[in-house]
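Down below is the structure, laid out as structure tokens.
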Amino acid sequence: MTPSSNSLIIGKPRFLDEDLEKLAASQGALAAWQAAYGRYGIQTPNHVAGDYAIAFQTPDGGVFMAVDKFAVRSLCYRHKDRQLSFAERADEVAGGMAEIDPQAIFDYFYFHTIPSPRTIFQGVYRLPPAHYAIFNNGVLTVAPYWVPTFEEPRQASFDQLRTEFRELLQQAVARQLDGGKAGCFLSGGTDSSTVAGMIGQVLGRPAASYSIGFEAEGYDEMEFARLASKQFNTEHHEYYVTPQDLLRSIPQVAASYDQPFGNSSALPAYYCAKMAREDGVTRILAGDGGDELFGGNSRYSKQRVFNFYQNVPGVIRESVLEPFLGTGIGKGIPLIRKAASYVEQASVPMPDRLQMYNLVTRLGLKQVFTEGFLSGVDLAAPLQLQRQVWNSPQASSATNRELAFDWRFTLGENDLPKVCGTTRLAGLEVGFPMLDEELLEFSLKLPTDYKLKGLKLRWFFKEALRGFLPDEILTKKKQGFGLPFGVWTAKDSALKSLAEDSVRGLVDREILRADFVDALFSRYLYEHPGYYGEMIWISMMMEQWFRGQSARSASANS
């Protein structure tokens with residue numbers, strides 16, 4: 001891990017220069033990276049596609065580090081006393097010596113993950129997506145090598161774009177296959193169904209597909225996965241996750257990450273990956289990225305509705321609407337109450353508006369956290385990071401700015417670590433065809449209203465694949481591998497016992513208030529299991545991570 005003796009080369013990079021790609025094939029990826037750096041310097045990552053994390057010695061004795069545009073691969077580092085150490089995982093860099101960062105704990109509750117560049121360990125950092133670092137003469141510089149730049153054309157030929165898009169999808173899927181048994185996650189959504197169908201087109205034989213179900217009303221999407229399987233004649237495999245599965249695997253999954261991770265879809269993703277591994281798959285393909293590249297998340301249309309308010313003349317907004325609706329007049333009248341809520345949200349610019357929907361800010365920070373914990377953190381830090389990311393892309397439309405924002409927070413910091421972490425735990429490689437470099441470039445040049453047409457989500461994607469995907473999947477409501485944790489915890493005593501014991505561990509650590517946790521398990525959980533179940537989940541997974549770290553340290557010292 002010292003700059004003079006080590007390198008780190010992981011991932012599946014694709015060098016865009018033909019001679020460098022040949023060099024990688026003949027002499028290995030390190031030789032190709034070093035040659036690329038000799039040619040392009042710090043701009044080297046802009047000449048490489050695919051997923052990767054790299055750190056290697058430069059000719060002048062320094063170290064160059066970089067991760068891919070979405071940080072599919074992770075690279076963590078510590079710069080202390082003019083020395084640099086690095087590794088794929090934050091806990092490997094920390095080495096049992098670093099203290100826990102209280103700010104990272106607060107960030108975790110805010111985001112349900114700890115966004116880069118911070119990690120759970122003080123002094124240990126993670127390279128953000130599309131960033132490089134150069135270390136020379138004891139000085140470390142970290143900067144982006146790429147920021148999203150949207151062209152936003154107003155006119156385009158749908159037929160030409162559809163043909164190009166379908167060809168790019170096939171090529172993207174082909175690049176991700178490893179020659180072994182071709183398998184994919186299949187939730188029944190548009191992205192995973194598209195990947196399943198494209199595998200069949202590329203190989204001329206059906207894919208093996210793997211789906212997760214839940215015996216809980218409103219959470220099970222197996223019927224759509226079966227529709228896609230029937231459409232593409234996949235070799236289909238199903239597994240229904242139970243509360244007993246969670247009891248067995250929560251500690252294992254929580255401890256497997258290098259820092260606390262709170263995406264509740266990690267558990268079903270793990271069981272899906274485990275099923276594929278046991279079936280002989282060595283590399284599974286996932287559909288993550290399609291919503292974020294092509295405008296498929298419901299919040300995009302929701303925010304467009306709020307943005308309409310900015311077209312109302314300022315004098316009417318400030319002199320009539322906001323004063324009247326802010327007085328509390330008509331609070332008992334549903335229509336006026338909804339109008340007041342709309343104006344309240346629409347009056348706040350993005351990304352600040354997102355704080356209105358944030359779980360811990362809605363619950364009330366002083367009601368959730370102890371006074372001592374809050375006194376040691378910067379409550380404004382998460383929003384400052386969001387503003388920084390929001391302002392970084394070169395985009396004029398609000399929709400494209402939201403997409404780029406989600407490339408960082410939804411993909412790079414949340415969904416991709418979820419899939420990468422759980423597939424790694426199951427012993428699988430994973431590939432993300434939707435994040436292919438050429439598909440990314442295609443999305444950057446796609447007209448904004450092809451992504452969000454009026455309030456129609458991912459209009460182009462669906463129309464371009466009409467006739468390929470079943471109509472029922474094109475019109476279904478997005479869900480994915482959502483976990484009915486709150487519903488199950490309210491009914492299953494053993495699961496509730498594990499959850500409550502875990503969450504009370506954070507009371508003992510003086511992070512959460514005891515009275516809040518009392519109310520959480522005695523009242524709130526039963527009133528709104530889905531909503532409060534999320535708070536229980538993220539708290540439980542943090543405590544289970546702490547316990548996993550303690551067990552690992554005890555084992556190492558025994």
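Letters A, B, ... go to the chains of the structure tokens in the order shown; residues in each chain start at 1; ligands are counted from 1 in the same order.
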
Which residues of segment 30-147 of chain A have any atom within 9 Å of an atom in segment 357-371 of chain A when counting only C-alpha atoms, and what is the closest pair of atoms for each, with the distance in Å to one decimal? Order the rows by chain and rising number and write it as a tab-separated table.
residue	atom	partner	partner_atom	distance
A:Phe109	CA	A:Val360	CA	6.9
A:Tyr110	CA	A:Val360	CA	6.3
A:Phe111	CA	A:Asn358	CA	8.3

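Neighbouring residues of segment 511-518 of chain A at 10 Å or closer, counting only C-alpha atoms and skipping chain neighbours under 3 positions away, are Pro102, Ile105, Phe106, Leu363, Leu365, Lys366, Gln367, Val368, Phe369, Thr370, Glu371, Gly372, Phe373, Leu374, Glu500, Val503, Arg504, Gly505, Leu506, Val507, Asp508, Phe521, Ser522, Arg523, Tyr524, Ile536 and Ser539 of chain A.
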
For the contact check between segment 8-92 of chain A and segment 424-431 of chain A, emit one row per residue of segment 8-92 of chain A within 10 Å, containing the shortest atom pair and the distance in Å rounded to one decimal, counting only C-alpha atoms, chain then rising number order, as CSV.
residue,atom,partner,partner_atom,distance
A:Gly11,CA,A:Glu429,CA,9.9
A:Lys12,CA,A:Gly431,CA,9.2
A:Gly50,CA,A:Gly431,CA,9.6
A:Asp51,CA,A:Gly431,CA,8.8
A:Val72,CA,A:Gly431,CA,9.3

Writing out the chosen residues with N, CA and C atoms as a PDB file, in the first residue's frame:
ATOM      1  N   GLY A  11     -10.920  -4.421 -12.175  1.00  0.00           N
ATOM      2  CA  GLY A  11     -12.005  -4.060 -13.066  1.00  0.00           C
ATOM      3  C   GLY A  11     -11.843  -4.655 -14.448  1.00  0.00           C
ATOM      4  N   LYS A  12     -12.668  -4.135 -15.343  1.00  0.00           N
ATOM      5  CA  LYS A  12     -12.700  -4.618 -16.723  1.00  0.00           C
ATOM      6  C   LYS A  12     -12.593  -3.420 -17.667  1.00  0.00           C
ATOM      7  N   GLY A  50     -15.337   1.277 -19.619  1.00  0.00           N
ATOM      8  CA  GLY A  50     -15.507   0.126 -18.745  1.00  0.00           C
ATOM      9  C   GLY A  50     -15.423   0.497 -17.279  1.00  0.00           C
ATOM     10  N   ASP A  51     -15.360  -0.527 -16.431  1.00  0.00           N
ATOM     11  CA  ASP A  51     -15.292  -0.293 -14.985  1.00  0.00           C
ATOM     12  C   ASP A  51     -13.884  -0.602 -14.490  1.00  0.00           C
ATOM     13  N   VAL A  72     -18.039   2.103 -10.353  1.00  0.00           N
ATOM     14  CA  VAL A  72     -18.417   0.692 -10.212  1.00  0.00           C
ATOM     15  C   VAL A  72     -17.371  -0.009  -9.343  1.00  0.00           C
TER      16      VAL A  72
END

Requested in this report: May I have all residues of segment 64-169 of chain A that DSSP, computed from the backbone, assigns to strand (DSSP E), given as number ranges by chain?
Outcome: A: 64-67, 76-80, 83-87, 125-126, 131-136, 139-144

Using only C-alpha atoms, please write the residues we just selected to a file, as a PDB file, in the first residue's frame.
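The result, written out as out-v6.pdb:
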ATOM      1  CA  PHE A  64      -1.722   8.108 -10.156  1.00  0.00           C
ATOM      2  CA  MET A  65      -5.153   6.877  -9.056  1.00  0.00           C
ATOM      3  CA  ALA A  66      -8.564   6.896 -10.769  1.00  0.00           C
ATOM      4  CA  VAL A  67     -11.966   5.211 -10.793  1.00  0.00           C
ATOM      5  CA  CYS A  76      -9.945   4.219  -0.920  1.00  0.00           C
ATOM      6  CA  TYR A  77      -6.888   6.030   0.372  1.00  0.00           C
ATOM      7  CA  ARG A  78      -5.261   7.786   3.316  1.00  0.00           C
ATOM      8  CA  HIS A  79      -2.853  10.698   2.963  1.00  0.00           C
ATOM      9  CA  LYS A  80      -1.010  11.297   6.194  1.00  0.00           C
ATOM     10  CA  GLN A  83       2.639   9.305   2.830  1.00  0.00           C
ATOM     11  CA  LEU A  84      -0.067   7.627   0.774  1.00  0.00           C
ATOM     12  CA  SER A  85      -1.740   4.275   1.298  1.00  0.00           C
ATOM     13  CA  PHE A  86      -4.566   2.841  -0.788  1.00  0.00           C
ATOM     14  CA  ALA A  87      -6.767  -0.221  -1.224  1.00  0.00           C
ATOM     15  CA  TYR A 125     -11.338   8.715   1.842  1.00  0.00           C
ATOM     16  CA  ARG A 126     -12.931   7.176  -1.236  1.00  0.00           C
ATOM     17  CA  HIS A 131     -12.256  11.438 -10.249  1.00  0.00           C
ATOM     18  CA  TYR A 132      -8.512  11.004 -10.333  1.00  0.00           C
ATOM     19  CA  ALA A 133      -5.807  11.683  -7.750  1.00  0.00           C
ATOM     20  CA  ILE A 134      -2.152  12.439  -8.305  1.00  0.00           C
ATOM     21  CA  PHE A 135       0.376  12.058  -5.487  1.00  0.00           C
ATOM     22  CA  ASN A 136       3.782  13.675  -5.886  1.00  0.00           C
ATOM     23  CA  VAL A 139       1.270  16.348  -1.989  1.00  0.00           C
ATOM     24  CA  LEU A 140      -2.068  14.810  -3.036  1.00  0.00           C
ATOM     25  CA  THR A 141      -4.399  16.454  -5.570  1.00  0.00           C
ATOM     26  CA  VAL A 142      -7.907  15.092  -6.182  1.00  0.00           C
ATOM     27  CA  ALA A 143     -10.084  16.380  -9.031  1.00  0.00           C
ATOM     28  CA  PRO A 144     -12.692  15.243 -11.583  1.00  0.00           C
TER      29      PRO A 144
END

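Closest approach to Ile120 of chain A from the set A:Tyr257, A:Phe15, A:Phe432, A:Trp459 is made by A:Tyr257, with distances taken over only C-alpha atoms.
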
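For Gly188 of chain A, the set of protein, DNA and RNA residues having any atom at most 6 Å away, when counting only C-alpha atoms and skipping those fewer than 4 positions along the same chain, is Ser193, Phe224 and Ala225 of chain A.
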
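Distances here use only C-alpha atoms; by that measure, the residue among A:Ile100, A:Met350, A:Met275, A:Val487 closest to Phe405 of chain A is A:Met350.
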
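Distances to Pro393 of chain A were evaluated for A:Ala269, A:Leu444, A:Val241, A:Val124 using only C-alpha atoms, and the minimum falls at A:Leu444.
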
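Taking only C-alpha atoms into account, Phe442 of chain A lies nearest to A:Leu293 out of the set A:Val253, A:Tyr37, A:Phe121, A:Leu293.
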
Query - Contact residues around segment 408-420 of chain A with only C-alpha atoms at 10 Å, ignoring same-chain residues under 3 positions, as a ChimeraX atom specification - result: /A:68-74,111-116,128-130,257,261-267,269-270,273,286,288-289,292,386,389-390,403-405,423-426,428-432,435

Query - Residues near Leu177 of chain A, cut-off 9 Å, only C-alpha atoms, skip fewer than 6 positions along chain, as a PyMOL selection string - result: chain A and resi 183+199+283-285+431

Those same residues - N, CA and C atoms - I'd like them written as an mmCIF file, in the first residue's frame.
data_model
loop_
_atom_site.group_PDB
_atom_site.id
_atom_site.type_symbol
_atom_site.label_atom_id
_atom_site.label_comp_id
_atom_site.auth_asym_id
_atom_site.auth_seq_id
_atom_site.Cartn_x
_atom_site.Cartn_y
_atom_site.Cartn_z
ATOM 1 N N GLY A 183 -26.158 -15.282 -17.419
ATOM 2 C CA GLY A 183 -27.252 -15.078 -16.494
ATOM 3 C C GLY A 183 -27.490 -13.618 -16.208
ATOM 4 N N ILE A 199 -29.472 -10.537 -24.242
ATOM 5 C CA ILE A 199 -28.561 -11.683 -24.132
ATOM 6 C C ILE A 199 -28.959 -12.735 -25.152
ATOM 7 N N ARG A 283 -20.621 -14.850 -13.885
ATOM 8 C CA ARG A 283 -20.756 -13.399 -14.100
ATOM 9 C C ARG A 283 -22.211 -13.123 -14.448
ATOM 10 N N ILE A 284 -22.854 -12.305 -13.633
ATOM 11 C CA ILE A 284 -24.274 -12.009 -13.825
ATOM 12 C C ILE A 284 -24.422 -10.568 -14.304
ATOM 13 N N LEU A 285 -25.376 -10.330 -15.189
ATOM 14 C CA LEU A 285 -25.609 -8.974 -15.696
ATOM 15 C C LEU A 285 -26.790 -8.336 -14.974
ATOM 16 N N GLY A 431 -21.769 -7.376 -14.214
ATOM 17 C CA GLY A 431 -21.593 -6.388 -15.274
ATOM 18 C C GLY A 431 -22.843 -5.548 -15.434
#

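The interatomic distance for the pair atom CA of Gly421 of chain A and atom CA of Gln549 of chain A works out to 16.4 Å.
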
Report task. Give me, please, the distance in Å between atom CA of Pro117 of chain A and atom CA of Ala90 of chain A, quoted to one decimal. Result -> 11.0 Å

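Surrounding segment 205-215 of chain A within 6 Å are Ala182, Gly183, Cys184, Phe185, Leu186, Ser187, Ile199, Gly200, Leu203, Asp220, Met222, Thr234, Glu235, His236, His237, Glu238, Tyr239, Tyr240 and Val241 of chain A, with only C-alpha atoms counted and residues fewer than 2 positions along the same chain left out.
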
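Residues with any atom within 8 Å of segment 382-385 of chain A, counting only C-alpha atoms and excluding same-chain neighbours fewer than 5 positions away, are Asp107, Tyr110, Pro351, Asp352 and Gln355 of chain A.
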
Report summary line: atom CA of Leu16 of chain A to atom CA of Pro447 of chain A measures 26.1 Å

Report summary line: Residue with the minimum atom-to-atom distance to Asp501 of chain A, picked from A:Arg337, A:His47, A:Lys181, A:Arg547 with only C-alpha atoms counted, is A:Arg547

**Report entry** Residue list (helix (DSSP H, G or I), DSSP) for segment 431-530 of chain A, as number ranges by chain
**Finding:** A: 433-435, 437-444, 448-451, 459-464, 471-475, 485-491, 493-508, 514-527, 529-530

Report summary line: Nearest to Trp537 of chain A, restricted to only C-alpha atoms and choosing among A:Leu354, A:Glu510, A:Ile9, A:Ser502, comes out as A:Ser502
